[in-house]
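Visitor: Quick one, final_1.cif (mmCIF, C-alpha atoms (C1' of nucleotides)):
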data_upload
loop_
_atom_site.label_atom_id
_atom_site.label_comp_id
_atom_site.auth_asym_id
_atom_site.auth_seq_id
_atom_site.Cartn_x
_atom_site.Cartn_y
_atom_site.Cartn_z
CA MET A 1 -45.71 36.15 -30.40
CA PRO A 2 -44.73 36.09 -34.05
CA ARG A 3 -47.08 37.32 -36.70
CA PRO A 4 -49.00 34.26 -37.80
CA ASP A 5 -48.13 34.96 -41.43
CA VAL A 6 -44.50 33.91 -41.07
CA ILE A 7 -45.69 30.48 -40.04
CA GLU A 8 -48.22 30.23 -42.83
CA LEU A 9 -45.74 31.58 -45.34
CA THR A 10 -43.28 28.90 -44.30
CA LEU A 11 -45.96 26.26 -44.60
CA ASP A 12 -46.79 27.57 -48.07
CA ALA A 13 -43.15 27.20 -49.02
CA ILE A 14 -43.22 23.63 -47.77
CA ARG A 15 -46.30 22.88 -49.83
CA GLU A 16 -44.73 24.47 -52.87
CA GLN A 17 -41.86 22.06 -52.77
CA GLY A 18 -44.15 19.08 -52.52
CA GLY A 19 -44.19 18.85 -48.73
CA ARG A 20 -47.30 18.50 -46.66
CA VAL A 21 -48.67 20.64 -43.91
CA THR A 22 -49.58 18.83 -40.72
CA ASP A 23 -50.67 19.90 -37.27
CA GLN A 24 -47.32 18.69 -35.94
CA ARG A 25 -45.39 20.84 -38.35
CA ARG A 26 -47.49 23.89 -37.63
CA ALA A 27 -47.00 23.39 -33.89
CA ILE A 28 -43.24 22.95 -34.25
CA LEU A 29 -43.01 26.09 -36.35
CA ARG A 30 -45.06 27.97 -33.80
CA VAL A 31 -42.60 27.08 -31.06
CA LEU A 32 -39.63 27.86 -33.28
CA PHE A 33 -40.94 31.27 -34.23
CA GLU A 34 -41.91 32.04 -30.66
CA GLY A 35 -38.34 33.19 -30.44
CA SER A 36 -36.92 30.57 -28.13
CA ASP A 37 -33.28 30.55 -29.14
CA HIS A 38 -30.88 27.77 -28.24
CA VAL A 39 -33.46 25.01 -27.92
CA THR A 40 -32.58 21.37 -28.16
CA ALA A 41 -34.76 19.01 -30.18
CA ASP A 42 -35.99 17.65 -26.87
CA ASP A 43 -36.91 21.09 -25.53
CA LEU A 44 -38.73 21.72 -28.75
CA ALA A 45 -40.69 18.49 -28.42
CA THR A 46 -41.59 19.28 -24.82
CA ARG A 47 -42.86 22.72 -25.74
CA VAL A 48 -44.79 21.36 -28.67
CA HIS A 49 -46.45 18.91 -26.30
CA ALA A 50 -48.23 21.81 -24.61
CA GLN A 51 -50.19 22.17 -27.83
CA LEU A 52 -50.05 18.68 -29.23
CA PRO A 53 -49.15 16.04 -26.66
CA ASP A 54 -48.25 13.12 -28.90
CA VAL A 55 -45.65 14.61 -31.19
CA HIS A 56 -42.63 12.35 -31.21
CA VAL A 57 -39.04 13.62 -30.95
CA THR A 58 -38.30 11.74 -34.13
CA THR A 59 -40.82 13.93 -35.89
CA VAL A 60 -39.14 17.01 -34.49
CA TYR A 61 -35.72 15.84 -35.70
CA ARG A 62 -37.06 15.05 -39.13
CA PHE A 63 -38.84 18.34 -39.55
CA LEU A 64 -35.81 20.24 -38.30
CA ASP A 65 -33.84 18.46 -41.01
CA THR A 66 -36.34 19.56 -43.60
CA LEU A 67 -36.20 23.14 -42.35
CA ALA A 68 -32.41 22.97 -42.35
CA GLU A 69 -32.44 21.87 -45.98
CA MET A 70 -34.66 24.85 -46.73
CA GLY A 71 -32.07 27.01 -45.01
CA LEU A 72 -34.51 28.10 -42.34
CA VAL A 73 -32.90 26.64 -39.24
CA THR A 74 -29.39 25.72 -38.21
CA HIS A 75 -28.06 23.78 -35.30
CA VAL A 76 -25.05 24.51 -33.16
CA HIS A 77 -23.05 22.30 -30.84
CA LEU A 78 -22.50 24.30 -27.71
CA GLY A 79 -20.50 21.66 -25.92
CA HIS A 80 -20.88 18.07 -24.89
CA GLY A 81 -24.65 17.94 -24.69
CA PRO A 82 -27.29 17.92 -27.37
CA ALA A 83 -27.21 20.37 -30.26
CA VAL A 84 -29.32 23.51 -30.07
CA TYR A 85 -31.42 24.80 -32.93
CA HIS A 86 -32.38 28.26 -34.00
CA LEU A 87 -33.68 30.17 -36.96
CA SER A 88 -30.91 30.79 -39.46
CA ALA A 89 -31.83 34.46 -39.38
CA HIS A 90 -30.68 34.54 -35.76
CA ARG A 91 -27.42 32.91 -36.66
CA HIS A 92 -24.28 33.99 -34.86
CA ALA A 93 -21.14 32.49 -33.38
CA HIS A 94 -21.15 31.40 -29.75
CA VAL A 95 -18.64 31.17 -26.92
CA VAL A 96 -19.59 28.82 -24.13
CA CYS A 97 -18.11 28.96 -20.66
CA GLU A 98 -16.65 25.54 -19.95
CA ARG A 99 -17.35 25.97 -16.27
CA CYS A 100 -20.83 27.40 -15.88
CA GLY A 101 -22.20 26.97 -19.38
CA GLU A 102 -22.92 30.65 -19.89
CA ILE A 103 -23.36 31.47 -23.54
CA GLY A 104 -21.79 34.51 -25.16
CA VAL A 105 -22.21 35.85 -28.65
CA ILE A 106 -19.33 36.68 -30.94
CA ASP A 107 -19.83 39.66 -33.17
CA ASP A 108 -19.86 38.85 -36.88
CA ALA A 109 -17.26 41.50 -37.64
CA VAL A 110 -14.97 40.13 -34.97
CA LEU A 111 -15.29 36.61 -36.32
CA GLN A 112 -14.64 37.88 -39.83
CA GLY A 113 -11.47 39.54 -38.59
CA TRP A 114 -10.26 36.33 -37.04
CA SER A 115 -11.09 34.44 -40.19
CA ASP A 116 -9.10 36.88 -42.31
CA GLN A 117 -6.14 36.62 -39.98
CA LEU A 118 -6.26 32.85 -40.02
CA GLU A 119 -6.60 32.73 -43.79
CA GLN A 120 -3.38 34.66 -44.25
CA GLY A 121 -1.58 32.08 -42.15
CA SER A 122 -2.87 28.59 -42.78
CA GLY A 123 -5.43 29.30 -45.48
CA PHE A 124 -8.32 28.23 -43.31
CA ARG A 125 -11.40 30.40 -43.00
CA LEU A 126 -13.79 30.37 -40.08
CA VAL A 127 -16.90 30.10 -42.16
CA ASP A 128 -19.24 28.39 -39.87
CA GLN A 129 -20.74 28.78 -36.45
CA HIS A 130 -21.52 25.11 -36.30
CA PHE A 131 -19.41 24.53 -33.21
CA ALA A 132 -19.25 26.98 -30.35
CA PHE A 133 -15.94 28.27 -29.09
CA ALA A 134 -14.90 26.96 -25.70
CA GLY A 135 -14.01 29.63 -23.20
CA LEU A 136 -14.45 31.01 -19.73
CA CYS A 137 -16.82 33.78 -18.84
CA ARG A 138 -15.61 36.77 -16.86
CA GLY A 139 -16.68 35.37 -13.51
CA CYS A 140 -15.33 31.86 -13.93
CA SER A 141 -12.20 33.20 -15.52
CA ALA A 142 -11.51 35.24 -12.38
CA GLU A 143 -12.13 32.23 -10.15
CA ALA A 144 -9.92 30.02 -12.26
CA ARG A 145 -6.85 32.16 -11.54
CA PRO A 146 -7.46 33.55 -8.06
CA SER A 147 -3.78 33.93 -7.14
CA GLU A 148 -2.47 34.90 -10.52
CA HIS A 149 -0.46 37.78 -9.10
CA THR A 150 1.47 35.46 -6.78
CA GLU A 151 2.82 33.44 -9.64
CA GLY A 152 5.99 33.87 -11.70
CA MET B 1 10.56 5.99 -31.30
CA PRO B 2 10.51 7.78 -27.97
CA ARG B 3 13.28 7.29 -25.46
CA PRO B 4 12.08 4.47 -23.27
CA ASP B 5 12.71 6.56 -20.16
CA VAL B 6 9.75 8.85 -20.73
CA ILE B 7 7.50 5.84 -20.56
CA GLU B 8 9.19 4.44 -17.46
CA LEU B 9 9.24 7.85 -15.84
CA THR B 10 5.53 8.15 -16.41
CA LEU B 11 4.97 4.71 -14.97
CA ASP B 12 7.04 5.71 -11.94
CA ALA B 13 4.81 8.72 -11.47
CA ILE B 14 1.77 6.46 -11.62
CA ARG B 15 3.26 4.14 -9.01
CA GLU B 16 4.14 7.11 -6.81
CA GLN B 17 0.51 8.13 -6.64
CA GLY B 18 -0.61 4.65 -5.70
CA GLY B 19 -1.37 3.47 -9.20
CA ARG B 20 -0.18 0.19 -10.63
CA VAL B 21 1.87 -0.59 -13.65
CA THR B 22 0.46 -3.17 -16.00
CA ASP B 23 1.40 -4.46 -19.42
CA GLN B 24 -1.69 -2.77 -20.81
CA ARG B 25 -0.70 0.61 -19.44
CA ARG B 26 2.86 0.27 -20.68
CA ALA B 27 1.59 -0.63 -24.14
CA ILE B 28 -0.86 2.27 -24.23
CA LEU B 29 1.86 4.68 -23.17
CA ARG B 30 4.15 3.28 -25.82
CA VAL B 31 1.61 4.04 -28.52
CA LEU B 32 0.88 7.47 -27.06
CA PHE B 33 4.54 8.45 -26.96
CA GLU B 34 5.14 7.06 -30.44
CA GLY B 35 4.00 10.49 -31.48
CA SER B 36 0.71 9.61 -33.09
CA ASP B 37 -1.22 12.83 -32.66
CA HIS B 38 -4.98 13.07 -33.13
CA VAL B 39 -5.77 9.48 -32.25
CA THR B 40 -9.18 8.38 -31.09
CA ALA B 41 -9.51 5.97 -28.18
CA ASP B 42 -10.43 3.35 -30.73
CA ASP B 43 -7.34 4.01 -32.85
CA LEU B 44 -5.29 3.76 -29.73
CA ALA B 45 -6.84 0.41 -28.83
CA THR B 46 -6.24 -0.91 -32.33
CA ARG B 47 -2.60 0.09 -32.27
CA VAL B 48 -2.14 -1.36 -28.82
CA HIS B 49 -3.54 -4.63 -30.15
CA ALA B 50 -0.45 -5.04 -32.29
CA GLN B 51 1.47 -5.55 -29.09
CA LEU B 52 -1.23 -6.85 -26.77
CA PRO B 53 -4.26 -8.19 -28.59
CA ASP B 54 -6.77 -8.34 -25.77
CA VAL B 55 -6.69 -4.82 -24.39
CA HIS B 56 -10.25 -3.56 -24.15
CA VAL B 57 -11.31 -0.08 -25.29
CA THR B 58 -12.74 0.44 -21.83
CA THR B 59 -9.25 0.04 -20.43
CA VAL B 60 -7.96 2.59 -22.89
CA TYR B 61 -10.67 5.09 -21.92
CA ARG B 62 -10.01 4.56 -18.25
CA PHE B 63 -6.27 4.93 -18.53
CA LEU B 64 -6.66 8.01 -20.70
CA ASP B 65 -8.80 9.45 -17.91
CA THR B 66 -6.07 8.73 -15.40
CA LEU B 67 -3.47 10.34 -17.63
CA ALA B 68 -5.76 13.32 -18.13
CA GLU B 69 -6.06 13.75 -14.36
CA MET B 70 -2.29 13.72 -14.19
CA GLY B 71 -2.28 16.43 -16.81
CA LEU B 72 -0.44 14.27 -19.30
CA VAL B 73 -3.01 13.94 -22.06
CA THR B 74 -5.91 16.03 -23.29
CA HIS B 75 -8.68 15.29 -25.68
CA VAL B 76 -10.14 17.49 -28.35
CA HIS B 77 -13.43 17.31 -30.20
CA LEU B 78 -12.62 17.88 -33.82
CA GLY B 79 -16.17 17.63 -35.04
CA HIS B 80 -19.03 15.16 -34.94
CA GLY B 81 -17.01 12.00 -34.51
CA PRO B 82 -15.09 10.62 -31.57
CA ALA B 83 -12.71 12.79 -29.57
CA VAL B 84 -9.00 12.64 -30.35
CA TYR B 85 -6.33 12.42 -27.72
CA HIS B 86 -2.81 13.73 -27.56
CA LEU B 87 -0.04 14.51 -25.11
CA SER B 88 -0.74 17.76 -23.32
CA ALA B 89 2.73 18.89 -24.31
CA HIS B 90 1.59 18.84 -27.93
CA ARG B 91 -1.46 20.88 -27.09
CA HIS B 92 -2.65 23.47 -29.59
CA ALA B 93 -5.88 24.80 -31.01
CA HIS B 94 -7.32 23.20 -34.15
CA VAL B 95 -9.37 24.30 -37.13
CA VAL B 96 -11.16 21.54 -38.94
CA CYS B 97 -12.42 21.80 -42.49
CA GLU B 98 -16.11 21.04 -42.41
CA ARG B 99 -15.93 19.64 -45.91
CA CYS B 100 -12.86 17.45 -46.16
CA GLY B 101 -11.90 17.13 -42.52
CA GLU B 102 -8.43 18.56 -42.97
CA ILE B 103 -6.96 19.69 -39.68
CA GLY B 104 -5.14 22.98 -39.26
CA VAL B 105 -3.26 24.31 -36.29
CA ILE B 106 -3.90 27.72 -34.77
CA ASP B 107 -0.86 29.47 -33.45
CA ASP B 108 -0.93 30.10 -29.70
CA ALA B 109 -0.14 33.77 -30.12
CA VAL B 110 -2.97 34.17 -32.61
CA LEU B 111 -5.42 32.48 -30.28
CA GLN B 112 -4.23 34.65 -27.41
CA GLY B 113 -4.87 37.72 -29.53
CA TRP B 114 -8.40 36.60 -30.28
CA SER B 115 -8.96 35.85 -26.64
CA ASP B 116 -7.81 39.31 -25.62
CA GLN B 117 -10.04 40.92 -28.19
CA LEU B 118 -13.02 38.89 -27.08
CA GLU B 119 -12.34 39.63 -23.43
CA GLN B 120 -12.55 43.34 -24.03
CA GLY B 121 -15.97 42.89 -25.55
CA SER B 122 -17.98 40.23 -23.78
CA GLY B 123 -15.55 39.30 -21.01
CA PHE B 124 -15.10 35.78 -22.34
CA ARG B 125 -11.65 34.33 -22.79
CA LEU B 126 -10.75 31.54 -25.17
CA VAL B 127 -8.90 29.47 -22.65
CA ASP B 128 -9.26 26.05 -23.98
CA GLN B 129 -8.65 24.09 -27.11
CA HIS B 130 -11.18 21.52 -26.09
CA PHE B 131 -13.33 22.05 -29.15
CA ALA B 132 -11.88 22.64 -32.57
CA PHE B 133 -12.90 25.63 -34.66
CA ALA B 134 -15.06 24.83 -37.63
CA GLY B 135 -13.80 26.20 -40.90
CA LEU B 136 -12.97 25.57 -44.51
CA CYS B 137 -9.51 24.82 -45.78
CA ARG B 138 -8.10 26.78 -48.70
CA GLY B 139 -9.12 24.23 -51.30
CA CYS B 140 -12.66 23.64 -50.11
CA SER B 141 -13.11 27.32 -49.47
CA ALA B 142 -12.36 28.04 -53.12
CA GLU B 143 -14.80 25.37 -54.27
CA ALA B 144 -17.51 26.64 -51.98
CA ARG B 145 -17.61 30.05 -53.70
CA PRO B 146 -16.73 29.28 -57.31
CA SER B 147 -18.60 32.27 -58.76
CA GLU B 148 -17.86 34.77 -56.04
CA HIS B 149 -16.77 37.44 -58.52
CA THR B 150 -20.13 37.31 -60.26
CA GLU B 151 -21.97 38.27 -57.14
CA GLY B 152 -22.78 41.64 -55.65
"C1'" DG C 1 8.61 -16.61 -1.83
"C1'" DA C 2 3.86 -16.73 -0.10
"C1'" DC C 3 0.03 -13.59 1.43
"C1'" DG C 4 -3.23 -9.98 1.52
"C1'" DT C 5 -5.00 -5.79 -0.06
"C1'" DT C 6 -6.85 -3.34 -3.48
"C1'" DA C 7 -6.09 -1.32 -8.06
"C1'" DC C 8 -6.89 -2.76 -12.72
"C1'" DT C 9 -9.07 -5.41 -16.37
"C1'" DG C 10 -12.56 -7.41 -19.48
"C1'" DC C 11 -17.11 -8.14 -20.32
"C1'" DA C 12 -21.79 -6.97 -20.49
"C1'" DA C 13 -25.00 -3.72 -19.91
"C1'" DG C 14 -26.40 1.07 -19.79
"C1'" DC C 15 -26.94 5.78 -21.47
"C1'" DA C 16 -27.38 10.03 -24.41
"C1'" DG C 17 -28.29 11.74 -28.71
"C1'" DC C 18 -29.56 10.82 -32.75
"C1'" DT C 19 -31.00 7.92 -37.08
"C1'" DT C 20 -33.47 4.29 -39.58
"C1'" DG C 21 -37.11 0.84 -40.99
"C1'" DC C 22 -41.63 0.11 -41.30
"C1'" DA C 23 -46.55 -0.12 -41.09
"C1'" DA C 24 -50.38 2.91 -40.34
"C1'" DC C 25 -52.15 7.33 -41.33
"C1'" DA C 26 -53.63 11.35 -43.62
"C1'" DA C 27 -52.70 15.64 -46.78
"C1'" DG C 28 -53.89 17.15 -50.95
"C1'" DC C 29 -54.75 16.34 -55.94
"C1'" DT C 30 -58.53 14.61 -59.03
"C1'" DA D 1 -64.85 9.58 -52.33
"C1'" DG D 2 -60.51 7.66 -54.04
"C1'" DC D 3 -55.64 7.48 -54.78
"C1'" DT D 4 -50.97 8.58 -54.25
"C1'" DT D 5 -47.33 9.39 -51.54
"C1'" DG D 6 -45.37 12.32 -47.89
"C1'" DT D 7 -45.54 12.17 -42.79
"C1'" DT D 8 -45.88 10.10 -38.31
"C1'" DG D 9 -45.08 7.12 -34.17
"C1'" DC D 10 -42.95 3.34 -32.49
"C1'" DA D 11 -39.34 0.21 -31.91
"C1'" DA D 12 -34.95 -0.88 -32.87
"C1'" DG D 13 -30.31 0.42 -34.18
"C1'" DC D 14 -26.01 3.00 -33.93
"C1'" DT D 15 -21.96 5.59 -32.11
"C1'" DG D 16 -19.20 7.08 -28.45
"C1'" DC D 17 -18.64 6.67 -24.15
"C1'" DT D 18 -19.51 5.23 -19.01
"C1'" DT D 19 -20.65 2.03 -15.24
"C1'" DG D 20 -21.17 -2.31 -12.42
"C1'" DC D 21 -19.14 -6.25 -11.25
"C1'" DA D 22 -16.58 -10.37 -10.64
"C1'" DG D 23 -12.06 -12.05 -11.58
"C1'" DT D 24 -7.14 -11.07 -11.91
"C1'" DA D 25 -2.82 -9.52 -10.66
"C1'" DA D 26 0.45 -5.67 -8.97
"C1'" DC D 27 2.99 -4.43 -5.09
"C1'" DG D 28 3.87 -3.85 -0.02
"C1'" DT D 29 4.66 -6.88 3.92
"C1'" DC D 30 6.18 -10.67 6.30
#
Just dump the structure as structure tokens.
Guide:
Amino acid sequence: MPRPDVIELTLDAIREQGGRVTDQRRAILRVLFEGSDHVTADDLATRVHAQLPDVHVTTVYRFLDTLAEMGLVTHVHLGHGPAVYHLSAHRHAHVVCERCGEIGVIDDAVLQGWSDQLEQGSGFRLVDQHFAFAGLCRGCSAEARPSEHTEG
Amino acid sequence: MPRPDVIELTLDAIREQGGRVTDQRRAILRVLFEGSDHVTADDLATRVHAQLPDVHVTTVYRFLDTLAEMGLVTHVHLGHGPAVYHLSAHRHAHVVCERCGEIGVIDDAVLQGWSDQLEQGSGFRLVDQHFAFAGLCRGCSAEARPSEHTEG
DNA sequence: GACGTTACTGCAAGCAGCTTGCAACAAGCT
DNA sequence: AGCTTGTTGCAAGCTGCTTGCAGTAACGTC
């Protein structure tokens, strides 16, 4: 459970910029700060419903937008499905197994290294963790090439 | 213009596996082999319309699926929009500038290096170029941090 | 060259994941 | 309490595909 102050502090910030504090927003923040990483907007709505049954997904999307503009949350596309949201503070790059959907985290330093390497070549930097990297986890990777040693 | 044989050879392969050769399929293949990389299914349909005005996007999607099963084409998600298709032979990893949409290519050897590095850590391999990497091109990257030297 | 089987096609409808328009509602200032 | 205006819920819309289905036509067979 998060300290209640982080929620109220966030709500204060919203008020300060002319926004309004509603039960819906408080409930959404509560779920967000509960630490559930990698939640879709739909998940979020469902969890909010435990506290406040009539909150609409639209409301969740709109408030997530507001929070994104404030720099508080970001969303990531892990693959083909819906985007997942998390607190910007928890931001990191993801690898997703294309077979089983397992999610891995890429170390910031590692990503930075790749970015530097890429920049020297094509000038591109990997600045953003907005799209996950597609990959194979250890297990699926082993299954995908079961007879590797028989080839060649 | 591609040598017409590659198209006919492909059509032969389709026939060999019980598929049928239609004007639509020939036209789609023609456009595909014309070398237009990074085309969406919609683009493809539009270009096919120059030769055969009534080909439906559905037909394009379905034939692209067939070609994908044969290993001939692959699709890549460059960002939020529609997927782009290209011949599997032209396959490579992409970086896409999140600002201007410019597309960069990531060298296979470079990607392999990253994959190896990642595998040693989390066990994940970057096997697939199914999703593009999000980044910033040189120009946009410079604009995004105009006062970098004043920081710190 | 006609015939039959069955793959392919076009159209309409469906679906996921959002986004938008709008009227009703209510937060927060006075 | 009253007023302004941001927020909400609902319905409808939109994009990028996918599916169901009846009609069409490729291709093997006679």
Visitor: Applied to this file, what does the PyMOL selection byres ((chain D and resi 17) around 9) return in terms of residues, put as a list of chain:residue names?
Guide: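 Given this file, the PyMOL selection byres ((chain D and resi 17) around 9) evaluates to B:Thr58, B:Tyr61, C:DC15, D:DT15, D:DG16, D:DT18.
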Visitor: Can I get the selection written as an mmCIF file, in the frame of the given file, with C-alpha atoms (C1' of nucleotides)?
Guide:
data_model
loop_
_atom_site.group_PDB
_atom_site.id
_atom_site.type_symbol
_atom_site.label_atom_id
_atom_site.label_comp_id
_atom_site.auth_asym_id
_atom_site.auth_seq_id
_atom_site.Cartn_x
_atom_site.Cartn_y
_atom_site.Cartn_z
ATOM 1 C CA THR B 58 -12.740 0.440 -21.830
ATOM 2 C CA TYR B 61 -10.670 5.090 -21.920
ATOM 3 C "C1'" DC C 15 -26.940 5.780 -21.470
ATOM 4 C "C1'" DT D 15 -21.960 5.590 -32.110
ATOM 5 C "C1'" DG D 16 -19.200 7.080 -28.450
ATOM 6 C "C1'" DT D 18 -19.510 5.230 -19.010
#
Visitor: If we count only C-alpha atoms (C1' of nucleotides), what is near region 40-42 of chain B at a cut-off of 12 Å, once residues fewer than 2 positions away on the same chain are taken out, given as a ChimeraX atom specification?
Guide: /B:28,31-32,36-38,44-49,55-65,73-78,81-86 /D:15-17
Visitor: Apply the PyMOL selection byres ((chain C and resi 3) around 10) to the displayed file and report the matching residues as a PyMOL selection string.
Guide: (chain C and resi 1-2+4-5) or (chain D and resi 29-30)
Visitor: So that each row is one residue of chain B with an atom at most 8 Å from chain D, can you give its shortest atom pair and the distance in Å to one decimal, using all atoms listed in the file, rows by chain and rising number, as a Markdown table?
Guide:
| residue | atom | partner | partner_atom | distance |
| --- | --- | --- | --- | --- |
| B:Arg20 | CA | D:DA26 | C1' | 6.1 |
| B:Val21 | CA | D:DA26 | C1' | 7.1 |
| B:Thr22 | CA | D:DA26 | C1' | 7.5 |
| B:Pro82 | CA | D:DG16 | C1' | 6.3 |
Visitor: Could you list the residues chosen by the PyMOL selection byres ((chain B) within 10 of (chain A)) in this structure as an MDAnalysis selection string?
Guide: chainID B and resid 77:80 95:98 102:107 110:111 113:115 117:119 121:141
Visitor: Could the residues in this selection be written to a file with C-alpha atoms, as a PDB file, in the frame of the given file?
Guide:
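Saved result, selection.pdb, follows:
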ATOM      1  CA  HIS B  77     -13.430  17.310 -30.200  1.00  0.00           C
ATOM      2  CA  LEU B  78     -12.620  17.880 -33.820  1.00  0.00           C
ATOM      3  CA  GLY B  79     -16.170  17.630 -35.040  1.00  0.00           C
ATOM      4  CA  HIS B  80     -19.030  15.160 -34.940  1.00  0.00           C
ATOM      5  CA  VAL B  95      -9.370  24.300 -37.130  1.00  0.00           C
ATOM      6  CA  VAL B  96     -11.160  21.540 -38.940  1.00  0.00           C
ATOM      7  CA  CYS B  97     -12.420  21.800 -42.490  1.00  0.00           C
ATOM      8  CA  GLU B  98     -16.110  21.040 -42.410  1.00  0.00           C
ATOM      9  CA  GLU B 102      -8.430  18.560 -42.970  1.00  0.00           C
ATOM     10  CA  ILE B 103      -6.960  19.690 -39.680  1.00  0.00           C
ATOM     11  CA  GLY B 104      -5.140  22.980 -39.260  1.00  0.00           C
ATOM     12  CA  VAL B 105      -3.260  24.310 -36.290  1.00  0.00           C
ATOM     13  CA  ILE B 106      -3.900  27.720 -34.770  1.00  0.00           C
ATOM     14  CA  ASP B 107      -0.860  29.470 -33.450  1.00  0.00           C
ATOM     15  CA  VAL B 110      -2.970  34.170 -32.610  1.00  0.00           C
ATOM     16  CA  LEU B 111      -5.420  32.480 -30.280  1.00  0.00           C
ATOM     17  CA  GLY B 113      -4.870  37.720 -29.530  1.00  0.00           C
ATOM     18  CA  TRP B 114      -8.400  36.600 -30.280  1.00  0.00           C
ATOM     19  CA  SER B 115      -8.960  35.850 -26.640  1.00  0.00           C
ATOM     20  CA  GLN B 117     -10.040  40.920 -28.190  1.00  0.00           C
ATOM     21  CA  LEU B 118     -13.020  38.890 -27.080  1.00  0.00           C
ATOM     22  CA  GLU B 119     -12.340  39.630 -23.430  1.00  0.00           C
ATOM     23  CA  GLY B 121     -15.970  42.890 -25.550  1.00  0.00           C
ATOM     24  CA  SER B 122     -17.980  40.230 -23.780  1.00  0.00           C
ATOM     25  CA  GLY B 123     -15.550  39.300 -21.010  1.00  0.00           C
ATOM     26  CA  PHE B 124     -15.100  35.780 -22.340  1.00  0.00           C
ATOM     27  CA  ARG B 125     -11.650  34.330 -22.790  1.00  0.00           C
ATOM     28  CA  LEU B 126     -10.750  31.540 -25.170  1.00  0.00           C
ATOM     29  CA  VAL B 127      -8.900  29.470 -22.650  1.00  0.00           C
ATOM     30  CA  ASP B 128      -9.260  26.050 -23.980  1.00  0.00           C
ATOM     31  CA  GLN B 129      -8.650  24.090 -27.110  1.00  0.00           C
ATOM     32  CA  HIS B 130     -11.180  21.520 -26.090  1.00  0.00           C
ATOM     33  CA  PHE B 131     -13.330  22.050 -29.150  1.00  0.00           C
ATOM     34  CA  ALA B 132     -11.880  22.640 -32.570  1.00  0.00           C
ATOM     35  CA  PHE B 133     -12.900  25.630 -34.660  1.00  0.00           C
ATOM     36  CA  ALA B 134     -15.060  24.830 -37.630  1.00  0.00           C
ATOM     37  CA  GLY B 135     -13.800  26.200 -40.900  1.00  0.00           C
ATOM     38  CA  LEU B 136     -12.970  25.570 -44.510  1.00  0.00           C
ATOM     39  CA  CYS B 137      -9.510  24.820 -45.780  1.00  0.00           C
ATOM     40  CA  ARG B 138      -8.100  26.780 -48.700  1.00  0.00           C
ATOM     41  CA  GLY B 139      -9.120  24.230 -51.300  1.00  0.00           C
ATOM     42  CA  CYS B 140     -12.660  23.640 -50.110  1.00  0.00           C
ATOM     43  CA  SER B 141     -13.110  27.320 -49.470  1.00  0.00           C
TER      44      SER B 141
END
Visitor: Write down, as a PyMOL selection string, each residue of chain C that has any atom within 8 Å of an atom of chain A, counting all atoms listed in the file.
Guide: chain C and resi 17+27-28
Visitor: Quick one: distance from CA of Glu16 (chain A) to C1' of DC22 (chain C) in Å, one decimal?
Guide: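 Taking CA of Glu16 (chain A) as the start and C1' of DC22 (chain C) as the end point, the length is 27.1 Å.
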Visitor: Let me make sure I understand: among B:Ala89, B:Gln17, B:Met70, B:Asp12, which one has the smallest atom-to-atom distance to DA7 (chain C) if we use only C-alpha atoms (C1' of nucleotides)?
Guide: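 Selected residue with least distance to DA7 (chain C): B:Gln17.
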Visitor: Output region 6-16 of chain B with N, CA and C atoms present, as a compact mmCIF listing (two decimals), keeping the file's coordinate frame.
Guide:
# COMPACT_ATOMS: atom_id res chain seq x y z
N VAL B 6 10.96 8.05 -20.96
CA VAL B 6 9.75 8.85 -20.73
C VAL B 6 8.60 7.95 -20.32
N ILE B 7 8.55 6.78 -20.93
CA ILE B 7 7.50 5.84 -20.56
C ILE B 7 7.70 5.36 -19.13
N GLU B 8 8.93 4.96 -18.81
CA GLU B 8 9.19 4.44 -17.46
C GLU B 8 9.03 5.54 -16.41
N LEU B 9 9.41 6.75 -16.78
CA LEU B 9 9.24 7.85 -15.84
C LEU B 9 7.76 8.09 -15.55
N THR B 10 6.97 7.99 -16.59
CA THR B 10 5.53 8.15 -16.41
C THR B 10 4.98 7.05 -15.52
N LEU B 11 5.43 5.84 -15.78
CA LEU B 11 4.97 4.71 -14.97
C LEU B 11 5.39 4.88 -13.51
N ASP B 12 6.59 5.41 -13.31
CA ASP B 12 7.04 5.71 -11.94
C ASP B 12 6.09 6.68 -11.27
N ALA B 13 5.72 7.71 -12.02
CA ALA B 13 4.81 8.72 -11.47
C ALA B 13 3.48 8.08 -11.09
N ILE B 14 3.03 7.15 -11.91
CA ILE B 14 1.77 6.46 -11.62
C ILE B 14 1.91 5.65 -10.33
N ARG B 15 3.02 4.94 -10.21
CA ARG B 15 3.26 4.14 -9.01
C ARG B 15 3.31 5.05 -7.78
N GLU B 16 3.98 6.19 -7.94
CA GLU B 16 4.14 7.11 -6.81
C GLU B 16 2.80 7.58 -6.25
